[in-house]
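> Got final08.csv for you, CSV, C-alpha atoms:
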```
chain,number,residue,atom,x,y,z
A,61,MET,CA,107.2,34.5,69.3
A,62,LYS,CA,105.0,36.6,71.6
A,63,ARG,CA,107.6,36.5,74.3
A,64,PHE,CA,110.3,37.4,71.8
A,65,ALA,CA,108.4,40.5,70.6
A,66,ILE,CA,107.8,41.6,74.2
A,67,LEU,CA,111.4,41.2,75.1
A,68,ILE,CA,112.6,43.1,72.1
A,69,ALA,CA,110.1,46.0,72.8
A,70,ALA,CA,111.0,46.1,76.5
A,71,ALA,CA,114.8,46.2,75.7
A,72,ALA,CA,114.3,48.9,73.1
A,73,ALA,CA,112.2,51.0,75.6
A,74,LEU,CA,114.9,50.8,78.2
A,75,THR,CA,117.6,52.1,75.8
A,76,PRO,CA,118.0,55.9,75.9
A,77,ALA,CA,119.6,57.3,72.8
A,78,ALA,CA,121.0,60.3,74.5
A,79,ALA,CA,120.7,61.5,78.1
A,80,GLN,CA,120.3,65.2,78.8
A,81,ALA,CA,121.0,65.6,82.4
A,82,HIS,CA,119.2,68.1,84.7
A,83,LEU,CA,116.6,69.1,82.1
A,84,VAL,CA,112.9,68.8,82.8
A,85,VAL,CA,111.3,69.0,79.4
A,86,THR,CA,108.3,66.8,79.3
A,87,GLY,CA,107.1,68.0,75.9
A,88,MET,CA,103.7,68.6,77.5
A,89,GLY,CA,104.1,72.2,78.4
A,90,PRO,CA,105.4,74.3,81.3
A,91,ILE,CA,102.9,73.1,83.9
A,92,TYR,CA,103.8,69.5,83.5
A,93,ASP,CA,107.5,70.5,83.4
A,94,GLY,CA,106.9,72.1,86.8
A,95,VAL,CA,105.1,68.9,88.0
A,96,THR,CA,108.0,66.7,86.8
A,97,HIS,CA,110.6,69.0,88.3
A,98,PHE,CA,109.0,68.7,91.7
A,99,ALA,CA,108.5,65.0,91.4
A,100,LEU,CA,112.2,64.4,90.6
A,101,SER,CA,113.7,66.7,93.2
A,102,PRO,CA,114.3,65.1,96.6
A,103,GLU,CA,115.2,68.5,98.0
A,104,ASP,CA,111.6,69.6,97.3
A,105,ILE,CA,109.9,66.4,98.3
A,106,LEU,CA,111.6,65.7,101.6
A,107,PRO,CA,110.8,68.9,103.6
A,108,VAL,CA,107.3,68.9,102.2
A,109,LEU,CA,106.8,65.3,103.4
A,110,ALA,CA,108.3,66.0,106.8
A,111,LEU,CA,106.2,69.1,107.4
A,112,ALA,CA,103.0,67.3,106.2
A,113,LEU,CA,103.7,64.4,108.6
A,114,PHE,CA,104.3,66.9,111.5
A,115,THR,CA,101.2,69.0,110.8
A,116,GLY,CA,99.1,65.8,110.3
A,117,LEU,CA,100.2,64.6,113.7
A,118,ARG,CA,99.2,68.0,115.3
A,119,GLY,CA,95.7,67.9,113.8
A,120,PRO,CA,93.4,69.0,110.9
A,121,ARG,CA,93.5,72.8,111.7
A,122,HIS,CA,97.3,72.8,111.7
A,123,ALA,CA,97.4,70.8,108.4
A,124,ARG,CA,94.8,73.0,106.6
A,125,LEU,CA,96.5,76.2,107.5
A,126,ALA,CA,99.9,74.9,106.6
A,127,LEU,CA,98.6,73.6,103.3
A,128,ALA,CA,97.3,77.0,102.3
A,129,ALA,CA,100.5,78.7,103.5
A,130,LEU,CA,102.7,76.3,101.7
A,131,ALA,CA,100.9,76.7,98.4
A,132,ALA,CA,100.8,80.5,98.7
A,133,GLY,CA,104.5,80.7,99.7
A,134,TRP,CA,105.6,78.4,96.9
A,135,PHE,CA,103.8,80.3,94.2
A,136,ALA,CA,105.0,83.7,95.6
A,137,GLY,CA,108.6,82.5,95.9
A,138,GLY,CA,108.7,81.2,92.3
A,139,ALA,CA,106.7,84.0,90.8
A,140,LEU,CA,108.8,86.7,92.6
A,141,ILE,CA,112.2,85.4,91.7
A,142,SER,CA,111.3,84.8,88.1
A,143,ALA,CA,109.6,88.2,87.8
A,144,LEU,CA,112.7,89.9,89.2
A,145,GLY,CA,115.0,87.8,87.0
A,146,LEU,CA,117.1,86.9,90.0
A,147,THR,CA,119.6,84.0,90.3
A,148,LEU,CA,120.4,82.7,93.7
A,149,PRO,CA,124.1,82.1,94.5
A,150,PRO,CA,125.0,78.4,93.9
A,151,ILE,CA,125.7,77.8,97.6
A,152,LEU,CA,122.4,79.3,98.8
A,153,ALA,CA,119.9,76.7,97.5
A,154,PRO,CA,121.6,73.6,99.1
A,155,ALA,CA,122.2,75.6,102.3
A,156,MET,CA,118.5,76.4,102.5
A,157,THR,CA,117.7,72.8,101.9
A,158,ALA,CA,120.0,71.7,104.7
A,159,ALA,CA,118.5,74.2,107.1
A,160,LEU,CA,114.9,73.3,106.1
A,161,LEU,CA,115.6,69.5,106.6
A,162,LEU,CA,117.3,70.1,109.9
A,163,VAL,CA,114.6,72.3,111.4
A,164,ILE,CA,111.5,70.6,110.0
A,165,GLY,CA,113.0,67.1,110.6
A,166,GLY,CA,114.0,68.1,114.1
A,167,VAL,CA,110.6,69.5,114.9
A,168,LEU,CA,108.9,66.3,113.7
A,169,ALA,CA,111.4,64.0,115.6
A,170,ALA,CA,110.7,66.0,118.8
A,171,ASN,CA,106.9,66.1,118.0
A,172,LEU,CA,106.8,69.6,119.3
A,173,GLU,CA,103.5,71.0,120.6
A,174,LEU,CA,103.3,74.0,118.2
A,175,LYS,CA,100.2,76.1,117.6
A,176,PRO,CA,98.7,76.3,114.1
A,177,TRP,CA,100.1,79.7,113.2
A,178,PRO,CA,103.8,78.8,113.7
A,179,CYS,CA,103.2,75.7,111.6
A,180,ALA,CA,101.6,77.9,108.9
A,181,ALA,CA,104.6,80.3,109.1
A,182,ALA,CA,107.0,77.4,108.7
A,183,ALA,CA,105.1,76.2,105.7
A,184,ALA,CA,105.1,79.6,104.1
A,185,ALA,CA,108.8,79.9,104.7
A,186,LEU,CA,109.4,76.5,103.2
A,187,GLY,CA,107.3,77.4,100.1
A,188,LEU,CA,109.0,80.7,99.6
A,189,MET,CA,112.5,79.2,99.9
A,190,ARG,CA,111.9,76.2,97.7
A,191,GLY,CA,109.8,78.1,95.1
A,192,ALA,CA,112.6,80.7,94.8
A,193,ALA,CA,115.3,78.0,94.6
A,194,ASP,CA,113.4,76.1,91.9
A,195,LEU,CA,112.8,79.1,89.7
A,196,SER,CA,116.2,80.7,90.3
A,197,GLY,CA,117.6,81.9,87.0
A,198,ALA,CA,114.5,80.9,85.0
A,199,GLY,CA,113.9,84.5,84.0
A,200,ALA,CA,110.6,86.3,83.6
A,201,GLY,CA,107.8,85.1,81.3
A,202,GLY,CA,104.6,83.2,81.1
A,203,SER,CA,106.3,79.8,81.1
A,204,ALA,CA,108.0,80.5,84.4
A,205,ILE,CA,104.7,81.3,86.0
A,206,LEU,CA,103.1,78.1,84.6
A,207,ASN,CA,106.1,76.2,85.8
A,208,THR,CA,105.7,77.6,89.3
A,209,LEU,CA,102.0,76.7,89.1
A,210,GLY,CA,102.8,73.1,88.3
A,211,MET,CA,105.3,72.8,91.1
A,212,THR,CA,102.9,74.5,93.6
A,213,ALA,CA,100.0,72.2,92.7
A,214,THR,CA,102.2,69.1,93.1
A,215,ALA,CA,103.7,70.3,96.4
A,216,ALA,CA,100.1,71.0,97.7
A,217,ALA,CA,98.8,67.6,96.5
A,218,LEU,CA,101.7,65.7,98.1
A,219,PHE,CA,101.3,67.7,101.3
A,220,ALA,CA,97.6,67.1,101.5
A,221,LEU,CA,98.0,63.3,100.8
A,222,ALA,CA,100.8,62.9,103.4
A,223,ALA,CA,99.0,64.9,106.0
A,224,SER,CA,95.8,63.0,105.5
A,225,VAL,CA,97.7,59.8,106.0
A,226,THR,CA,99.1,60.9,109.4
A,227,LEU,CA,95.9,62.7,110.6
A,228,PRO,CA,94.2,59.5,111.9
A,229,LEU,CA,97.4,58.0,113.4
A,230,ARG,CA,96.8,57.5,117.1
A,231,ARG,CA,98.7,54.2,117.8
A,232,LEU,CA,102.0,54.8,119.5
A,233,TRP,CA,104.1,52.8,117.0
A,234,MET,CA,102.6,54.8,114.1
A,235,ILE,CA,103.5,58.1,115.7
A,236,VAL,CA,106.9,56.7,116.6
A,237,ALA,CA,107.4,55.7,112.9
A,238,ALA,CA,106.6,59.3,111.8
A,239,ARG,CA,109.0,60.7,114.4
A,240,VAL,CA,111.8,58.3,113.3
A,241,ALA,CA,111.3,59.5,109.8
A,242,GLY,CA,111.7,63.1,111.2
A,243,SER,CA,115.0,62.1,112.8
A,244,TRP,CA,116.2,60.7,109.5
A,245,VAL,CA,115.3,63.9,107.7
A,246,ALA,CA,117.1,66.0,110.3
A,247,ALA,CA,120.1,63.8,110.2
A,248,ALA,CA,120.3,64.0,106.4
A,249,GLY,CA,120.0,67.8,106.7
A,250,LEU,CA,122.9,67.9,109.2
A,251,LEU,CA,125.1,65.7,106.9
A,252,LEU,CA,124.2,67.9,103.9
A,253,ALA,CA,125.4,71.0,105.9
A,254,GLY,CA,128.7,69.2,106.6
A,255,TRP,CA,129.1,68.4,102.8
A,256,LEU,CA,128.5,72.1,102.1
A,257,LEU,CA,131.1,73.2,104.6
A,258,ARG,CA,133.6,70.8,103.1
A,259,TYR,CA,132.9,71.0,99.4
A,260,GLY,CA,131.1,74.4,99.2
A,261,ALA,CA,129.0,75.1,96.1
A,262,GLN,CA,130.2,71.9,94.3
A,263,VAL,CA,127.6,70.0,96.3
A,264,SER,CA,124.7,69.2,94.0
B,94,MET,CA,98.3,38.4,69.0
B,95,GLY,CA,96.6,41.8,69.0
B,96,TRP,CA,97.5,42.7,72.6
B,97,VAL,CA,101.1,41.6,72.0
B,98,ALA,CA,101.3,43.9,69.1
B,99,ALA,CA,99.7,46.7,71.1
B,100,LEU,CA,102.1,46.2,74.0
B,101,ALA,CA,105.1,46.1,71.7
B,102,ALA,CA,104.0,49.2,70.0
B,103,THR,CA,103.4,51.0,73.3
B,104,LEU,CA,106.8,50.0,74.6
B,105,ALA,CA,108.4,51.0,71.4
B,106,ALA,CA,106.7,54.4,71.6
B,107,LEU,CA,108.3,54.9,74.9
B,108,ILE,CA,111.8,54.8,73.4
B,109,PRO,CA,113.2,58.1,74.4
B,110,SER,CA,115.0,59.9,71.6
B,111,ALA,CA,116.5,62.0,74.4
B,112,ALA,CA,116.1,61.1,78.0
B,113,SER,CA,115.2,64.2,80.0
B,114,ALA,CA,115.1,62.6,83.4
B,115,HIS,CA,116.4,65.4,85.6
B,116,LEU,CA,119.2,63.2,86.9
B,117,VAL,CA,122.1,65.1,88.3
B,118,ALA,CA,125.4,63.2,87.6
B,119,GLY,CA,125.9,60.6,90.3
B,120,GLU,CA,122.4,60.9,91.7
B,121,SER,CA,121.5,57.2,91.8
B,122,ILE,CA,125.1,56.4,92.7
B,123,GLY,CA,124.8,58.8,95.6
B,124,PHE,CA,121.9,57.0,97.2
B,125,VAL,CA,123.1,53.5,96.6
B,126,SER,CA,126.7,54.2,97.8
B,127,GLY,CA,125.3,56.1,100.8
B,128,PHE,CA,123.0,53.2,101.6
B,129,LEU,CA,125.9,50.7,101.2
B,130,HIS,CA,128.3,52.6,103.4
B,131,PRO,CA,127.0,51.7,106.8
B,132,ILE,CA,126.6,48.1,105.9
B,133,SER,CA,130.0,47.7,104.4
B,134,GLY,CA,131.8,47.0,107.7
B,135,TRP,CA,130.9,44.5,110.4
B,136,ASP,CA,132.2,46.7,113.2
B,137,HIS,CA,129.4,49.2,112.3
B,138,ILE,CA,126.8,46.5,111.7
B,139,ILE,CA,127.1,44.7,115.0
B,140,ALA,CA,126.9,47.9,117.0
B,141,MET,CA,123.9,49.2,115.2
B,142,VAL,CA,122.0,45.9,115.5
B,143,ALA,CA,123.0,45.8,119.2
B,144,VAL,CA,121.4,49.2,119.7
B,145,GLY,CA,118.1,47.9,118.4
B,146,ILE,CA,118.3,44.6,120.4
B,147,TRP,CA,119.1,46.5,123.6
B,148,GLY,CA,116.3,49.0,123.0
B,149,ALA,CA,113.9,46.0,122.6
B,150,GLN,CA,115.2,44.5,125.8
B,151,LEU,CA,114.7,47.7,127.7
B,152,GLY,CA,111.2,48.1,126.4
B,153,ARG,CA,109.3,51.5,126.1
B,154,PRO,CA,110.4,54.2,125.7
B,155,ALA,CA,113.9,53.0,125.0
B,156,ILE,CA,112.8,50.8,122.2
B,157,TRP,CA,112.2,53.9,120.0
B,158,ALA,CA,114.2,56.6,121.9
B,159,LEU,CA,117.6,54.8,121.3
B,160,PRO,CA,117.1,54.3,117.5
B,161,VAL,CA,116.0,58.0,117.2
B,162,THR,CA,119.0,59.2,119.2
B,163,PHE,CA,121.6,57.1,117.4
B,164,PRO,CA,121.1,58.5,113.8
B,165,LEU,CA,120.8,62.1,115.0
B,166,VAL,CA,124.0,61.9,117.1
B,167,MET,CA,125.7,59.9,114.3
B,168,ALA,CA,124.9,62.7,111.9
B,169,VAL,CA,126.5,65.1,114.4
B,170,GLY,CA,129.6,62.9,114.3
B,171,GLY,CA,129.4,62.8,110.5
B,172,PHE,CA,129.2,66.5,110.5
B,173,PHE,CA,132.4,66.7,112.6
B,174,GLY,CA,134.1,64.3,110.2
B,175,LEU,CA,133.0,66.3,107.2
B,176,ILE,CA,134.3,69.6,108.4
B,177,GLY,CA,137.6,68.1,109.3
B,178,LEU,CA,137.4,68.1,113.1
B,179,LYS,CA,139.8,65.7,114.7
B,180,LEU,CA,138.3,63.1,117.0
B,181,PRO,CA,141.1,60.8,118.0
B,182,GLY,CA,140.7,57.1,118.8
B,183,SER,CA,137.5,56.7,116.7
B,184,GLU,CA,138.5,53.1,115.5
B,185,ILE,CA,139.0,52.0,119.1
B,186,ALA,CA,135.7,53.7,120.2
B,187,ILE,CA,133.8,51.9,117.4
B,188,ALA,CA,135.3,48.5,118.4
B,189,LEU,CA,134.4,49.3,122.1
B,190,SER,CA,130.9,50.1,121.1
B,191,GLY,CA,130.4,46.5,119.8
B,192,LEU,CA,132.0,45.2,123.0
B,193,CYS,CA,130.0,47.3,125.4
B,194,LEU,CA,126.6,47.2,123.6
B,195,GLY,CA,127.1,43.4,123.2
B,196,ALA,CA,127.8,43.2,126.9
B,197,ALA,CA,124.7,45.3,127.7
B,198,VAL,CA,122.6,42.8,125.6
B,199,ALA,CA,124.3,39.8,127.1
B,200,PHE,CA,123.7,40.9,130.7
B,201,GLU,CA,120.3,42.5,129.9
B,202,TRP,CA,121.6,45.7,131.7
B,203,ARG,CA,118.5,47.6,132.8
B,204,ALA,CA,120.2,51.0,132.4
B,205,PRO,CA,118.1,54.2,133.1
B,206,LEU,CA,117.0,55.8,129.9
B,207,PRO,CA,119.3,58.9,130.1
B,208,ALA,CA,122.3,56.7,130.8
B,209,ALA,CA,121.4,54.4,127.9
B,210,ALA,CA,120.8,57.4,125.6
B,211,VAL,CA,124.2,59.0,126.5
B,212,LEU,CA,126.1,55.7,126.0
B,213,VAL,CA,124.4,55.0,122.6
B,214,GLY,CA,124.8,58.7,121.6
B,215,LEU,CA,128.5,58.7,122.5
B,216,PHE,CA,129.1,55.6,120.4
B,217,GLY,CA,127.0,57.0,117.6
B,218,LEU,CA,129.2,60.1,117.5
B,219,PHE,CA,132.3,58.0,116.8
B,220,HIS,CA,130.5,55.8,114.2
B,221,GLY,CA,129.2,59.0,112.4
B,222,TYR,CA,132.7,60.6,112.6
B,223,ALA,CA,134.3,57.6,111.0
B,224,HIS,CA,131.7,57.6,108.2
B,225,GLY,CA,131.8,61.4,107.8
B,226,SER,CA,135.6,61.6,107.4
B,227,GLU,CA,135.4,58.9,104.7
B,228,LEU,CA,132.6,60.4,102.6
B,229,PRO,CA,133.7,60.7,99.0
B,230,PRO,CA,133.2,63.8,96.9
B,231,GLY,CA,131.4,63.8,93.6
B,232,GLN,CA,128.2,62.2,94.9
B,233,ASN,CA,124.8,63.7,95.3
B,234,ALA,CA,125.1,64.9,98.8
B,235,LEU,CA,121.4,64.8,99.8
B,236,LEU,CA,120.7,61.4,98.4
B,237,TYR,CA,124.0,60.0,99.7
B,238,SER,CA,123.1,61.3,103.2
B,239,LEU,CA,119.6,60.0,103.0
B,240,GLY,CA,120.8,56.5,101.9
B,241,PHE,CA,123.4,56.5,104.7
B,242,ILE,CA,120.8,57.4,107.4
B,243,MET,CA,118.2,55.0,106.0
B,244,ALA,CA,120.6,52.1,106.1
B,245,THR,CA,121.5,53.0,109.7
B,246,GLY,CA,117.9,53.2,110.7
B,247,LEU,CA,117.1,49.9,109.0
B,248,LEU,CA,119.9,48.2,110.9
B,249,HIS,CA,118.3,49.4,114.1
B,250,GLY,CA,115.0,48.2,112.8
B,251,LEU,CA,116.6,44.8,112.2
B,252,GLY,CA,117.9,44.8,115.8
B,253,ILE,CA,114.5,45.7,117.2
B,254,SER,CA,112.9,43.0,115.2
B,255,ILE,CA,115.4,40.4,116.5
B,256,GLY,CA,114.9,41.9,120.0
B,257,LEU,CA,111.1,41.3,119.9
B,258,MET,CA,111.8,37.6,120.7
B,259,HIS,CA,112.5,38.9,124.2
B,260,ARG,CA,108.9,38.1,125.1
B,261,TRP,CA,109.6,34.4,125.2
B,262,LEU,CA,112.0,32.7,127.6
B,263,TRP,CA,113.9,30.9,124.9
B,264,GLY,CA,114.1,34.3,123.1
B,265,GLN,CA,115.7,35.9,126.1
B,266,ARG,CA,118.4,33.3,126.2
B,267,ALA,CA,119.0,33.5,122.5
B,268,LEU,CA,119.3,37.3,122.8
B,269,ARG,CA,121.8,37.0,125.6
B,270,LEU,CA,123.8,34.5,123.4
B,271,ALA,CA,123.6,37.0,120.6
B,272,GLY,CA,125.0,39.7,123.0
B,273,VAL,CA,127.9,37.4,123.8
B,274,MET,CA,128.6,37.0,120.1
B,275,ILE,CA,128.4,40.7,119.5
B,276,SER,CA,130.8,41.3,122.4
B,277,CYS,CA,133.2,38.8,120.9
B,278,GLY,CA,133.0,40.6,117.6
B,279,GLY,CA,133.7,43.9,119.4
B,280,ALA,CA,136.7,42.3,121.2
B,281,PHE,CA,138.1,41.1,117.8
B,282,PHE,CA,137.8,44.6,116.3
B,283,LEU,CA,139.3,46.1,119.4
B,284,TRP,CA,142.3,43.8,119.1
B,285,ARG,CA,142.6,44.7,115.4
B,286,ALA,CA,142.3,48.4,116.1
B,287,ALA,CA,144.9,48.3,118.8
B,288,ALA,CA,147.3,46.1,116.8
```
In structure tokens, write the structure found in this file.

Amino acid sequence: MKRFAILIAAAAALTPAAAQAHLVVTGMGPIYDGVTHFALSPEDILPVLALALFTGLRGPRHARLALAALAAGWFAGGALISALGLTLPPILAPAMTAALLLVIGGVLAANLELKPWPCAAAAAALGLMRGAADLSGAGAGGSAILNTLGMTATAAALFALAASVTLPLRRLWMIVAARVAGSWVAAAGLLLAGWLLRYGAQVS
Amino acid sequence: MGWVAALAATLAALIPSAASAHLVAGESIGFVSGFLHPISGWDHIIAMVAVGIWGAQLGRPAIWALPVTFPLVMAVGGFFGLIGLKLPGSEIAIALSGLCLGAAVAFEWRAPLPAAAVLVGLFGLFHGYAHGSELPPGQNALLYSLGFIMATGLLHGLGISIGLMHRWLWGQRALRLAGVMISCGGAFFLWRAAA
């Protein structure tokens, strides 16, 4: 009887009555909507992870500066585009994603010896671009700002966690694993660029 | 009984009246079909596993340099395929990759790293081109690409794992035998591509 009740409940829970694609409405307010948007967007997560791995490999000073720049850039990008009421052209967001993945993944794969400030500049650029892309067309208003705040906080938290994982990595195979991940991210960015050139703005 | 009722009630409370999951149409299909694409043909599989085994035979730094090189150059090939660039003889080059990389494993060819990287990169270009020209529209491009690259990387990882038996004498012999088998597979695909 117990097993039957669990089975029924589990089956019922897995049955969506209606699916609303591409909406992030958690019902818990705009901050959590922003958190969920970030958590469900691979185009947000991948470049943040790659940059965190890279700056983590470079050292704590690089990672701290990049974390602050990423958060500031993300919030500024989202707040600006929503305040101005702008909507990015459909091709621009995936094109920016492809460029970010290619550059950041390539830098991680090559494990370039960059100074802290170029890392911070790259983080700010990443934040500005993704913040603007995420809030494109959202329009002005308090909920857009709170949405941006939720995304910014999640991006910063993920960045801090991922960078803190790679900071203590000193064994060769661990560093190699991070670099291989970078080569995968760069390769995905290059393929995405190819899709864009072939199918244009239809690429999701 | 109490906890069963609580569990049932919790799960029932999770029933979504409307699922707002931020799924773009084809998103999960994109990752899965991208992941399955490189492992859908034995001509691709044997070459990618051979890259890993050869890297393990060559030792550092080839053990990681070759698997880093291959996906990147393969993505360049995929890019060429996607934008419609013509790269003739790709099927023959793919079959040759199995034959040559299998032979390199079978003979434990101690190639200098630049030569090994160029050879692996060249074959990776053709493998990527073949995949890129076949990529279907209507998928989530980023997730498809990610699945595609991850499957390729994991095939290399499989090859490296197999190649780690190189530290034992019996393992070295087994790897050489595996190289012969990969070469035979490459020869078969070459015959089929030329026919």
> Would you pick out the contacts of Ala180 in chain A at 9 Å or less, using only C-alpha atoms, so that residues sharing its chain but fewer than 6 positions from it are not included, and give the list as a list of chain:residue names?
A:His122, A:Ala123, A:Arg124, A:Leu125, A:Ala126, A:Leu127, A:Ala128, A:Ala129, A:Leu130
> Which is closest to Ser190 in chain B among B:Ala208, B:Leu248, B:Ala287, B:Ile138, if we use all atoms listed in the file?
B:Ile138
> If we count all atoms listed in the file and set the cut-off at 6 Å, which residues sit around Gly133 in chain A, ignoring sequence neighbours fewer than 6 positions away in its own chain? Please answer as a PyMOL selection string.
chain A and resi 184+187-188
> So how many Å separate CA of Pro205 in chain B and CA of Leu165 in chain B, to one decimal?
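Computed distance, CA of Pro205 in chain B to CA of Leu165 in chain B, equals 19.9 Å.
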> Could you name the residues that touch Leu151 in chain B at 12 Å or less, counting all atoms listed in the file, but leaving out those on the same chain fewer than 3 positions away, as a list in words?
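Answer for this query is Val144, Gly145, Ile146, Trp147, Gly148, Pro154, Ala155, Ile156, Trp157, Ala158, Leu159, Ala197, Val198, Phe200, Glu201, Trp202, Arg203, Ala204, Pro205, Leu206, Ala209, Ala210, Ile253, Gly256, Leu257, His259, Arg260 and Gln265 of chain B.
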> Using all atoms listed in the file, which residues sit within 6 Å of range 241-251 of chain A once same-chain residues fewer than 6 positions away are excluded, as a ChimeraX atom specification?
/A:158,161-162,165-166,168-169 /B:165,168,172,238-239
> Could you check which of B:Ile139, B:Leu212, B:Leu228, B:Ala196 is closest to chain A, using all atoms listed in the file?
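Ranked by minimum distance to chain A, first place goes to B:Leu228.
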